[in-house]
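Everything below concerns the one structure shown next.
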Amino acid sequence: LELDPNLFNAWLGKGELALDAGNFQSAAQYLLRSIDLRPTGEAYVTLGHALARMGRSQDALAAYREALRISPGMAEAEQAASALSGGSR
């Protein structure tokens, strides 16, 4: 990132690592940077996980829905959205 701060996948990876470490706020910031550079279903679903862990269920659901808009049929996003919305999409 020091050499090229515009590598969306580097920001995505950094967000995933922060999420795994329990740093949900940092994860969300890194993932939003990745999304600004290149919106992907993977980035949105991971952002949804971070938001859900912060108790921001509605924002998480919106992120999962955006992941599905970009990547229709993405199983991880479908399952997470269904779990947050009580089984209905």
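Following the order of the structure tokens, chains are lettered A, B, ..., residues in each are numbered from 1, and ligands are numbered from 1.
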Inset, instruction - Write down as a VMD selection string the residues belonging to chain A that are assigned alpha helix (DSSP H) by DSSP computed on the backbone. - result: chain A and resid 8 to 20 24 to 37 41 to 53 57 to 70 75 to 84
Legend entry - Who sits within 10 Å of range 56-64 of chain A, only C-alpha atoms, same chain under 2 positions skipped, as a PyMOL selection string: chain A and resi 41-54+66-70+74+76-85+89
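The gap separating CA of Arg38 in chain A from CA of Asn23 in chain A is 22.3 Å, in Å to one decimal.
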Legend entry - Near-range 8-17 of chain A list (6 Å; only C-alpha atoms; drop same-chain fewer than 3 positions) as JSON, numbers by chain: {"A": [20, 27, 30, 31, 34, 37]}
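With distances restricted to only C-alpha atoms, A:Ser71 is the closest residue to Thr40 in chain A from A:Arg65, A:Ser71, A:Ala28, A:Leu7.
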